[in-house]
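Engineer: My questions will all concern the structure given below.
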Amino acid sequence: MKNNLLKWYQTILISWKKNTAYRLNFLLQIIGPALVFFFIKYSLWNTIFSKNPGVKIGGYTFAAMITYHIWSFIVSLIAQGHTALNLSMDIRMGRISSYLIYPFNFWEFHTASFIGFQLLQFVVASISLLIFSLLGILPEFTWTNLVLGMTCSFYVSLFWYTLQYLTGIIAFWLEETWILRVILQIVTVFLSGAVIPLELFPAWAVKILEYTPFPYLTYYPIKIFSGAPVDLTNFFTIVTGWMIILILANSFIWKRGMRLYTAAGM
Amino acid sequence: MIRTKNLTKTFKSYKKQPGLKGAFGAFFKRDEVSKNAVDQFDLDVNQGEIIGLLGPNGAGKTTLMKMLTGIIVPSSGEIEIAGHVPWKREKEFRKKIALVMGQKSQLWWDIPSLDSFKLLQKYYEIPDKRFNEKVNMMGELLNVRDLFHVHVRKLSLGERMKLELMASLLHDPEVLFLDEPTIGLDLIAQENIRNFIKEYHELNKLTVVLTSHYMADVQALCPHLVLIAGGKKTYDGSISKFEKILGHKKNVVFNFNQSIDRSDDFWTGLDLTFSENSDEVELRLEESEVREISAAILNKFPVTDFYTEKMPIEKVMKKIMENPNILLGK
């Protein structure tokens, strides 16, 4: 048990070292997209609201909408920061051979790397919060909601990781998995409420979405941060349910994939 | 230590017609082609032995290596290594083996090698004391202690290879698989790696399976050779027997400072080949006559240089690759 924990711990350390080996790259990769995305959304809503000053859209004033997107920025950092790029590269380049030989499995290595990455993301999110607060644009919050929001975002990140893992190991069949990831990213951005809050969706669509994992990726964590009432039991049940389905799918795909694996180029 | 019986690996691929029509056709209906990359392969390697696994590109060496290390699952047949079935990939088995691939780095590129070593220490559960001993001992032997803190991507191929070898030996494996460990290295680096493997083997008596296209590696390290061609085993025996497959004769070459007379009586009855302009002759002599005939040539002709071939194995290998039937018809 202790030896096993040491393996995980050392892998997390290595993932930190790898992630921070190229400082500029690290900044661009982790904070860049979230920041760019935030400013796109800011100017989008700024344009919409400036055409109709004083109006409320879906119950949101301009200020409320910006608040929504500041929390969305934090949620996206923690919940959806991780991508499965390394994973599919490992498979395509035949690098998983190494993991089949080390007494530490492929999924263990990547999950430990994911945990290491998440800890870094936590630091980045905290610094972002601090900067927002120094700029005076940090929305009002209670510490309880902040902790609860962070916890839920981390829980969602586990789901996001299992989903990313799935798109990664599809590399056993597909030469290029990035197309799949881009499609997933776009669908997620739209359906999770990362651009348009769910209040602006038709009621019937929201009803359907409730059973999909999407709203739980961004919309509900934002609501938790901002203190709106959210049914937490429902939240955890649905996210856990989807996570179990994905874990089963992953282990099935891995087993099928290993039968196909030819260790190209060794 | 290593035993395989009727080991076979079949790869399936799809036949595709060239051109757009072929691409469309293949989308709907594909003709499957099966090929045995390794075919009914029997192998027996004793503990502490070093065997050289030789064969031309595409002969099935790497496929065999992948099956022995448990990376891929055989289509049929049996394998047993140190009491384990490799493809079951039990952690106990993985702790007993190590694989070094000359063509592929196993160290993590973006971090110094010592960090990789420390990670492997945890993976293989190596006690601190043993770990430090091994790192110091091998670091000294390979003369790489200054490189431990350098990022792996900044190392030369030769330096990296030494560290790859170190990484694979930290956990005292019982079986070491070396897949072309000297590929792409300069002569000095090749020799360093070779000497290290030899020295390490003498100290630790582990079982080694080596593939290489450099006969110097094989000559220096492997008393036992196994030849594979078209997925089948074509030779399994000692290196000295292998060298003599083409006969017991020794090759001796003489260079002269001018063209010499081929019709001279001296040459009649000898098994020889002249160069085009007759300033070089290659003789195939029985070991017992090398001394006498060489001395006579040195006396009689204007010799500028002469040598006997250093590596008969290279020549045998070349002949076999040109004409595999030499072995089948023996």
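Starting from 1 in every chain, residues are counted up; chains themselves are A, B, ... following the order of the structure tokens, and ligands are numbered from 1 as listed.
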Counting only C-alpha atoms, collect the residues of chain B whose closest atom lies at most 6 Å from chain A, and write them out as a compact mmCIF listing (two decimals) with N, CA and C atoms, in the first residue's frame.
Structural biologist:
# COMPACT_ATOMS: atom_id res chain seq x y z
N LYS B 91 2.55 -8.20 -12.50
CA LYS B 91 3.55 -7.23 -12.05
C LYS B 91 4.85 -7.93 -11.64
N ARG B 94 6.88 -8.38 -14.69
CA ARG B 94 7.43 -7.12 -15.20
C ARG B 94 8.63 -6.66 -14.37
N ASP B 110 11.54 15.46 -21.15
CA ASP B 110 11.59 16.84 -20.67
C ASP B 110 12.18 16.97 -19.28
N LEU B 119 11.81 7.87 -10.44
CA LEU B 119 10.46 7.38 -10.70
C LEU B 119 10.49 5.86 -10.84
N LYS B 122 10.69 3.96 -7.61
CA LYS B 122 9.40 3.76 -6.93
C LYS B 122 8.60 2.68 -7.63
N TYR B 123 8.60 2.69 -8.97
CA TYR B 123 7.82 1.70 -9.72
C TYR B 123 8.30 0.28 -9.40
Engineer: Using only C-alpha atoms, which protein or nucleic acid residues come within 10 Å of His84 in chain B? Drop anything in the same chain fewer than 6 positions from it, and give the result as a PyMOL selection string.
Structural biologist: chain B and resi 1-2+90+92-94+96
Engineer: Between CA of Pro197 in chain A and CA of Thr47 in chain A, what distance in Å does the model show, to one decimal?
Structural biologist: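 Straight-line distance from CA of Pro197 in chain A to CA of Thr47 in chain A works out to 16.5 Å.
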Engineer: Identify, with DSSP run on backbone atoms, the residues in range 95-294 of chain B assigned to strand (DSSP E or B), and express the list as number ranges by chain.
Structural biologist: B: 97-101, 112, 151, 175-179, 207-211, 224-229, 232-238, 250-256, 272-274, 280-285
Engineer: Can I get the selected residues back with C-alpha atoms, as a PDB file, in the first residue's frame?
Structural biologist:
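Final output, again.pdb:
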ATOM      1  CA  ILE B  97      12.513  -8.190 -17.090  1.00  0.00           C
ATOM      2  CA  ALA B  98      13.850  -5.085 -18.765  1.00  0.00           C
ATOM      3  CA  LEU B  99      13.750  -3.880 -22.344  1.00  0.00           C
ATOM      4  CA  VAL B 100      16.052  -1.411 -24.043  1.00  0.00           C
ATOM      5  CA  MET B 101      15.103  -0.187 -27.493  1.00  0.00           C
ATOM      6  CA  PRO B 112      16.741  15.031 -16.234  1.00  0.00           C
ATOM      7  CA  HIS B 151      17.502  17.182 -19.575  1.00  0.00           C
ATOM      8  CA  VAL B 175      16.208 -11.132 -18.190  1.00  0.00           C
ATOM      9  CA  LEU B 176      17.371  -8.196 -20.297  1.00  0.00           C
ATOM     10  CA  PHE B 177      16.052  -7.638 -23.821  1.00  0.00           C
ATOM     11  CA  LEU B 178      18.240  -5.421 -25.970  1.00  0.00           C
ATOM     12  CA  ASP B 179      16.711  -4.391 -29.282  1.00  0.00           C
ATOM     13  CA  THR B 207      20.035 -13.702 -19.184  1.00  0.00           C
ATOM     14  CA  VAL B 208      20.305 -11.425 -22.222  1.00  0.00           C
ATOM     15  CA  VAL B 209      18.528 -11.501 -25.568  1.00  0.00           C
ATOM     16  CA  LEU B 210      20.194  -9.171 -28.061  1.00  0.00           C
ATOM     17  CA  THR B 211      19.227  -8.148 -31.565  1.00  0.00           C
ATOM     18  CA  HIS B 224      24.827 -18.463 -28.760  1.00  0.00           C
ATOM     19  CA  LEU B 225      23.155 -17.381 -31.999  1.00  0.00           C
ATOM     20  CA  VAL B 226      19.605 -17.788 -33.212  1.00  0.00           C
ATOM     21  CA  LEU B 227      18.791 -16.856 -36.763  1.00  0.00           C
ATOM     22  CA  ILE B 228      15.313 -15.937 -37.925  1.00  0.00           C
ATOM     23  CA  ALA B 229      14.152 -15.477 -41.504  1.00  0.00           C
ATOM     24  CA  LYS B 232      11.042 -19.182 -38.984  1.00  0.00           C
ATOM     25  CA  LYS B 233      14.086 -20.263 -37.065  1.00  0.00           C
ATOM     26  CA  THR B 234      16.885 -21.102 -39.474  1.00  0.00           C
ATOM     27  CA  TYR B 235      19.833 -21.542 -37.125  1.00  0.00           C
ATOM     28  CA  ASP B 236      20.244 -22.181 -33.408  1.00  0.00           C
ATOM     29  CA  GLY B 237      23.700 -22.935 -32.113  1.00  0.00           C
ATOM     30  CA  SER B 238      27.118 -21.665 -31.169  1.00  0.00           C
ATOM     31  CA  LYS B 250      40.385 -18.697 -43.779  1.00  0.00           C
ATOM     32  CA  ASN B 251      40.304 -15.665 -46.005  1.00  0.00           C
ATOM     33  CA  VAL B 252      43.627 -13.876 -46.539  1.00  0.00           C
ATOM     34  CA  VAL B 253      43.982 -10.812 -48.738  1.00  0.00           C
ATOM     35  CA  PHE B 254      47.213  -9.442 -50.238  1.00  0.00           C
ATOM     36  CA  ASN B 255      47.709  -6.041 -51.866  1.00  0.00           C
ATOM     37  CA  PHE B 256      50.570  -5.411 -54.298  1.00  0.00           C
ATOM     38  CA  LEU B 272      41.551 -17.466 -55.047  1.00  0.00           C
ATOM     39  CA  THR B 273      40.045 -14.366 -56.606  1.00  0.00           C
ATOM     40  CA  PHE B 274      42.036 -11.566 -58.277  1.00  0.00           C
ATOM     41  CA  GLU B 280      44.923  -7.581 -55.039  1.00  0.00           C
ATOM     42  CA  VAL B 281      44.303 -11.245 -54.427  1.00  0.00           C
ATOM     43  CA  GLU B 282      41.966 -12.914 -51.978  1.00  0.00           C
ATOM     44  CA  LEU B 283      42.858 -16.471 -51.003  1.00  0.00           C
ATOM     45  CA  ARG B 284      40.781 -19.062 -49.203  1.00  0.00           C
ATOM     46  CA  LEU B 285      43.236 -21.235 -47.317  1.00  0.00           C
TER      47      LEU B 285
END
Engineer: As an exercise, work out the distance from CA of Ile66 in chain A to CA of Trp160 in chain A in Å and give it to one decimal place.
Structural biologist: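 Straight-line distance from CA of Ile66 in chain A to CA of Trp160 in chain A works out to 24.7 Å.
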Engineer: I want to know what sits within 12 Å of Ala249 in chain A, based on only C-alpha atoms, with residues of the same chain fewer than 2 positions away left out; could you give that as a PDB file with N, CA and C atoms, in the first residue's frame?
Structural biologist:
ATOM      1  N   THR A 162     -12.332  11.109 -17.373  1.00  0.00           N
ATOM      2  CA  THR A 162     -12.714   9.792 -17.917  1.00  0.00           C
ATOM      3  C   THR A 162     -13.189   9.941 -19.359  1.00  0.00           C
ATOM      4  N   LEU A 163     -13.849  11.088 -19.658  1.00  0.00           N
ATOM      5  CA  LEU A 163     -14.303  11.335 -21.022  1.00  0.00           C
ATOM      6  C   LEU A 163     -13.114  11.577 -21.961  1.00  0.00           C
ATOM      7  N   TYR A 165     -10.118  10.507 -21.469  1.00  0.00           N
ATOM      8  CA  TYR A 165      -9.422   9.221 -21.559  1.00  0.00           C
ATOM      9  C   TYR A 165     -10.014   8.401 -22.710  1.00  0.00           C
ATOM     10  N   LEU A 166     -11.355   8.421 -22.774  1.00  0.00           N
ATOM     11  CA  LEU A 166     -12.048   7.691 -23.835  1.00  0.00           C
ATOM     12  C   LEU A 166     -11.622   8.204 -25.215  1.00  0.00           C
ATOM     13  N   THR A 167     -11.612   9.530 -25.387  1.00  0.00           N
ATOM     14  CA  THR A 167     -11.222  10.068 -26.690  1.00  0.00           C
ATOM     15  C   THR A 167      -9.754   9.776 -26.970  1.00  0.00           C
ATOM     16  N   ILE A 169      -8.003   6.932 -25.951  1.00  0.00           N
ATOM     17  CA  ILE A 169      -7.708   5.538 -26.315  1.00  0.00           C
ATOM     18  C   ILE A 169      -8.413   5.109 -27.596  1.00  0.00           C
ATOM     19  N   ILE A 170      -9.286   5.979 -28.128  1.00  0.00           N
ATOM     20  CA  ILE A 170      -9.843   5.711 -29.452  1.00  0.00           C
ATOM     21  C   ILE A 170      -8.694   5.668 -30.465  1.00  0.00           C
ATOM     22  N   TRP A 242     -22.763   8.917 -15.010  1.00  0.00           N
ATOM     23  CA  TRP A 242     -22.045   9.026 -16.279  1.00  0.00           C
ATOM     24  C   TRP A 242     -20.596   8.572 -16.152  1.00  0.00           C
ATOM     25  N   MET A 243     -20.014   8.875 -14.988  1.00  0.00           N
ATOM     26  CA  MET A 243     -18.625   8.492 -14.772  1.00  0.00           C
ATOM     27  C   MET A 243     -18.486   6.968 -14.786  1.00  0.00           C
ATOM     28  N   ILE A 244     -19.437   6.283 -14.135  1.00  0.00           N
ATOM     29  CA  ILE A 244     -19.389   4.811 -14.090  1.00  0.00           C
ATOM     30  C   ILE A 244     -19.515   4.251 -15.517  1.00  0.00           C
ATOM     31  N   ILE A 245     -20.450   4.813 -16.277  1.00  0.00           N
ATOM     32  CA  ILE A 245     -20.628   4.346 -17.656  1.00  0.00           C
ATOM     33  C   ILE A 245     -19.319   4.507 -18.445  1.00  0.00           C
ATOM     34  N   LEU A 246     -18.688   5.669 -18.268  1.00  0.00           N
ATOM     35  CA  LEU A 246     -17.445   5.917 -19.011  1.00  0.00           C
ATOM     36  C   LEU A 246     -16.311   5.003 -18.572  1.00  0.00           C
ATOM     37  N   ILE A 247     -16.217   4.753 -17.268  1.00  0.00           N
ATOM     38  CA  ILE A 247     -15.138   3.882 -16.774  1.00  0.00           C
ATOM     39  C   ILE A 247     -15.307   2.475 -17.362  1.00  0.00           C
ATOM     40  N   SER A 251     -12.657   0.622 -19.898  1.00  0.00           N
ATOM     41  CA  SER A 251     -11.947  -0.636 -19.651  1.00  0.00           C
ATOM     42  C   SER A 251     -12.248  -1.626 -20.781  1.00  0.00           C
ATOM     43  N   PHE A 252     -13.476  -1.553 -21.320  1.00  0.00           N
ATOM     44  CA  PHE A 252     -13.827  -2.402 -22.464  1.00  0.00           C
ATOM     45  C   PHE A 252     -12.972  -2.038 -23.687  1.00  0.00           C
ATOM     46  N   ILE A 253     -12.904  -0.731 -23.966  1.00  0.00           N
ATOM     47  CA  ILE A 253     -12.149  -0.272 -25.148  1.00  0.00           C
ATOM     48  C   ILE A 253     -10.664  -0.597 -25.004  1.00  0.00           C
ATOM     49  N   TRP A 254     -10.136  -0.441 -23.800  1.00  0.00           N
ATOM     50  CA  TRP A 254      -8.721  -0.745 -23.561  1.00  0.00           C
ATOM     51  C   TRP A 254      -8.443  -2.212 -23.875  1.00  0.00           C
ATOM     52  N   LYS A 255      -9.347  -3.104 -23.380  1.00  0.00           N
ATOM     53  CA  LYS A 255      -9.120  -4.533 -23.610  1.00  0.00           C
ATOM     54  C   LYS A 255      -9.173  -4.864 -25.092  1.00  0.00           C
ATOM     55  N   ARG A 256     -10.159  -4.286 -25.809  1.00  0.00           N
ATOM     56  CA  ARG A 256     -10.247  -4.529 -27.248  1.00  0.00           C
ATOM     57  C   ARG A 256      -9.024  -3.933 -27.954  1.00  0.00           C
ATOM     58  N   GLY A 257      -8.665  -2.751 -27.524  1.00  0.00           N
ATOM     59  CA  GLY A 257      -7.548  -2.048 -28.152  1.00  0.00           C
ATOM     60  C   GLY A 257      -6.243  -2.803 -27.990  1.00  0.00           C
TER      61      GLY A 257
END
Engineer: Just asking: which residues within range 74-237 of chain A are helix (DSSP H, G or I) according to DSSP, as a CSV table (one decimal) with C-alpha atoms, in the first residue's frame?
Structural biologist:
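Output file selection31.csv follows:
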chain,number,residue,atom,x,y,z
A,74,ILE,CA,-12.7,29.5,-12.8
A,75,VAL,CA,-14.9,26.5,-13.5
A,76,SER,CA,-13.3,25.9,-16.9
A,77,LEU,CA,-9.8,26.1,-15.4
A,78,ILE,CA,-10.5,23.4,-12.8
A,79,ALA,CA,-13.2,21.2,-14.4
A,85,LEU,CA,-3.3,14.7,-26.0
A,86,ASN,CA,-0.5,12.8,-24.3
A,87,LEU,CA,-2.5,9.7,-24.1
A,88,SER,CA,-3.4,9.4,-27.8
A,89,MET,CA,0.2,10.3,-28.7
A,90,ASP,CA,1.5,7.5,-26.5
A,91,ILE,CA,-0.7,5.1,-28.3
A,92,ARG,CA,0.0,6.3,-31.8
A,96,ILE,CA,2.6,2.5,-24.4
A,97,SER,CA,5.0,-0.4,-24.8
A,98,SER,CA,7.0,1.1,-21.9
A,99,TYR,CA,3.9,1.2,-19.7
A,100,LEU,CA,3.3,-2.5,-20.5
A,101,ILE,CA,6.7,-3.3,-19.2
A,106,PHE,CA,-0.9,3.0,-18.4
A,107,TRP,CA,-4.1,4.3,-16.7
A,108,GLU,CA,-2.3,4.6,-13.4
A,109,PHE,CA,0.4,6.8,-15.0
A,110,HIS,CA,-2.0,9.0,-16.8
A,111,THR,CA,-4.4,9.3,-13.8
A,112,ALA,CA,-1.5,10.3,-11.6
A,113,SER,CA,-0.4,12.8,-14.2
A,114,PHE,CA,-4.0,14.1,-14.3
A,115,ILE,CA,-4.0,14.6,-10.5
A,116,GLY,CA,-0.7,16.4,-10.7
A,117,PHE,CA,-2.1,18.6,-13.4
A,118,GLN,CA,-5.2,19.4,-11.4
A,119,LEU,CA,-3.2,20.5,-8.4
A,120,LEU,CA,-1.4,23.0,-10.7
A,121,GLN,CA,-4.8,24.1,-12.0
A,122,PHE,CA,-5.9,24.7,-8.5
A,123,VAL,CA,-3.0,27.1,-7.9
A,124,VAL,CA,-3.7,28.8,-11.2
A,125,ALA,CA,-7.4,29.2,-10.4
A,126,SER,CA,-6.5,30.6,-6.9
A,127,ILE,CA,-4.2,33.2,-8.4
A,128,SER,CA,-6.8,34.1,-11.0
A,129,LEU,CA,-9.3,34.7,-8.2
A,130,LEU,CA,-6.8,36.8,-6.4
A,131,ILE,CA,-6.2,38.9,-9.6
A,132,PHE,CA,-9.9,39.3,-10.1
A,133,SER,CA,-10.3,40.5,-6.6
A,134,LEU,CA,-7.4,43.0,-6.9
A,135,LEU,CA,-9.0,44.3,-10.1
A,143,TRP,CA,-16.6,31.0,1.6
A,144,THR,CA,-19.0,28.1,1.9
A,145,ASN,CA,-20.0,28.5,-1.7
A,146,LEU,CA,-16.4,28.9,-2.8
A,147,VAL,CA,-15.4,25.7,-1.2
A,148,LEU,CA,-18.5,23.9,-2.4
A,149,GLY,CA,-18.0,25.2,-5.9
A,150,MET,CA,-14.4,24.1,-6.0
A,151,THR,CA,-15.3,20.7,-4.7
A,152,CYS,CA,-18.0,20.2,-7.3
A,153,SER,CA,-15.6,21.5,-10.0
A,154,PHE,CA,-13.0,19.0,-9.0
A,155,TYR,CA,-15.6,16.2,-9.0
A,156,VAL,CA,-16.7,17.2,-12.5
A,157,SER,CA,-13.0,17.2,-13.6
A,158,LEU,CA,-12.9,13.5,-12.7
A,159,PHE,CA,-15.8,13.0,-15.1
A,160,TRP,CA,-14.1,15.2,-17.7
A,161,TYR,CA,-10.9,13.1,-17.3
A,162,THR,CA,-12.7,9.8,-17.9
A,163,LEU,CA,-14.3,11.3,-21.0
A,164,GLN,CA,-10.9,12.6,-22.3
A,165,TYR,CA,-9.4,9.2,-21.6
A,166,LEU,CA,-12.0,7.7,-23.8
A,167,THR,CA,-11.2,10.1,-26.7
A,168,GLY,CA,-7.6,9.3,-26.1
A,169,ILE,CA,-7.7,5.5,-26.3
A,170,ILE,CA,-9.8,5.7,-29.5
A,171,ALA,CA,-6.4,6.2,-31.0
A,172,PHE,CA,-6.2,2.4,-31.1
A,178,TRP,CA,-7.8,15.6,-32.3
A,179,ILE,CA,-10.9,16.1,-34.6
A,180,LEU,CA,-12.9,14.1,-32.1
A,181,ARG,CA,-11.7,16.2,-29.3
A,182,VAL,CA,-12.5,19.5,-31.1
A,183,ILE,CA,-16.0,18.3,-31.9
A,184,LEU,CA,-16.4,17.3,-28.2
A,185,GLN,CA,-15.0,20.6,-27.1
A,186,ILE,CA,-17.4,22.6,-29.3
A,187,VAL,CA,-20.5,20.6,-28.3
A,188,THR,CA,-19.5,20.9,-24.7
A,189,VAL,CA,-18.9,24.6,-24.8
A,190,PHE,CA,-22.4,25.1,-26.3
A,191,LEU,CA,-24.4,22.6,-24.3
A,198,LEU,CA,-29.1,27.6,-19.7
A,199,GLU,CA,-31.9,30.1,-18.8
A,200,LEU,CA,-31.8,31.2,-22.5
A,203,ALA,CA,-37.4,24.7,-21.5
A,204,TRP,CA,-37.8,21.3,-23.3
A,205,ALA,CA,-34.1,21.4,-24.3
A,206,VAL,CA,-33.1,22.1,-20.7
A,207,LYS,CA,-35.2,19.1,-19.5
A,208,ILE,CA,-33.4,16.8,-21.9
A,209,LEU,CA,-30.0,18.3,-21.1
A,214,PHE,CA,-23.2,18.7,-20.1
A,215,PRO,CA,-24.9,21.2,-17.7
A,216,TYR,CA,-23.0,19.7,-14.9
A,217,LEU,CA,-19.7,20.6,-16.5
A,219,TYR,CA,-23.6,25.7,-15.6
A,220,TYR,CA,-24.3,24.0,-12.3
A,221,PRO,CA,-20.8,24.6,-10.8
A,222,ILE,CA,-21.3,28.3,-11.7
A,223,LYS,CA,-24.6,28.4,-9.9
A,224,ILE,CA,-23.0,26.8,-6.9
A,225,PHE,CA,-20.2,29.4,-6.8
A,232,LEU,CA,-26.6,18.6,-5.0
A,233,THR,CA,-28.0,15.1,-4.7
A,234,ASN,CA,-29.1,15.2,-8.3
A,235,PHE,CA,-25.8,16.8,-9.3
A,236,PHE,CA,-23.7,14.1,-7.8
A,237,THR,CA,-26.0,11.2,-8.9
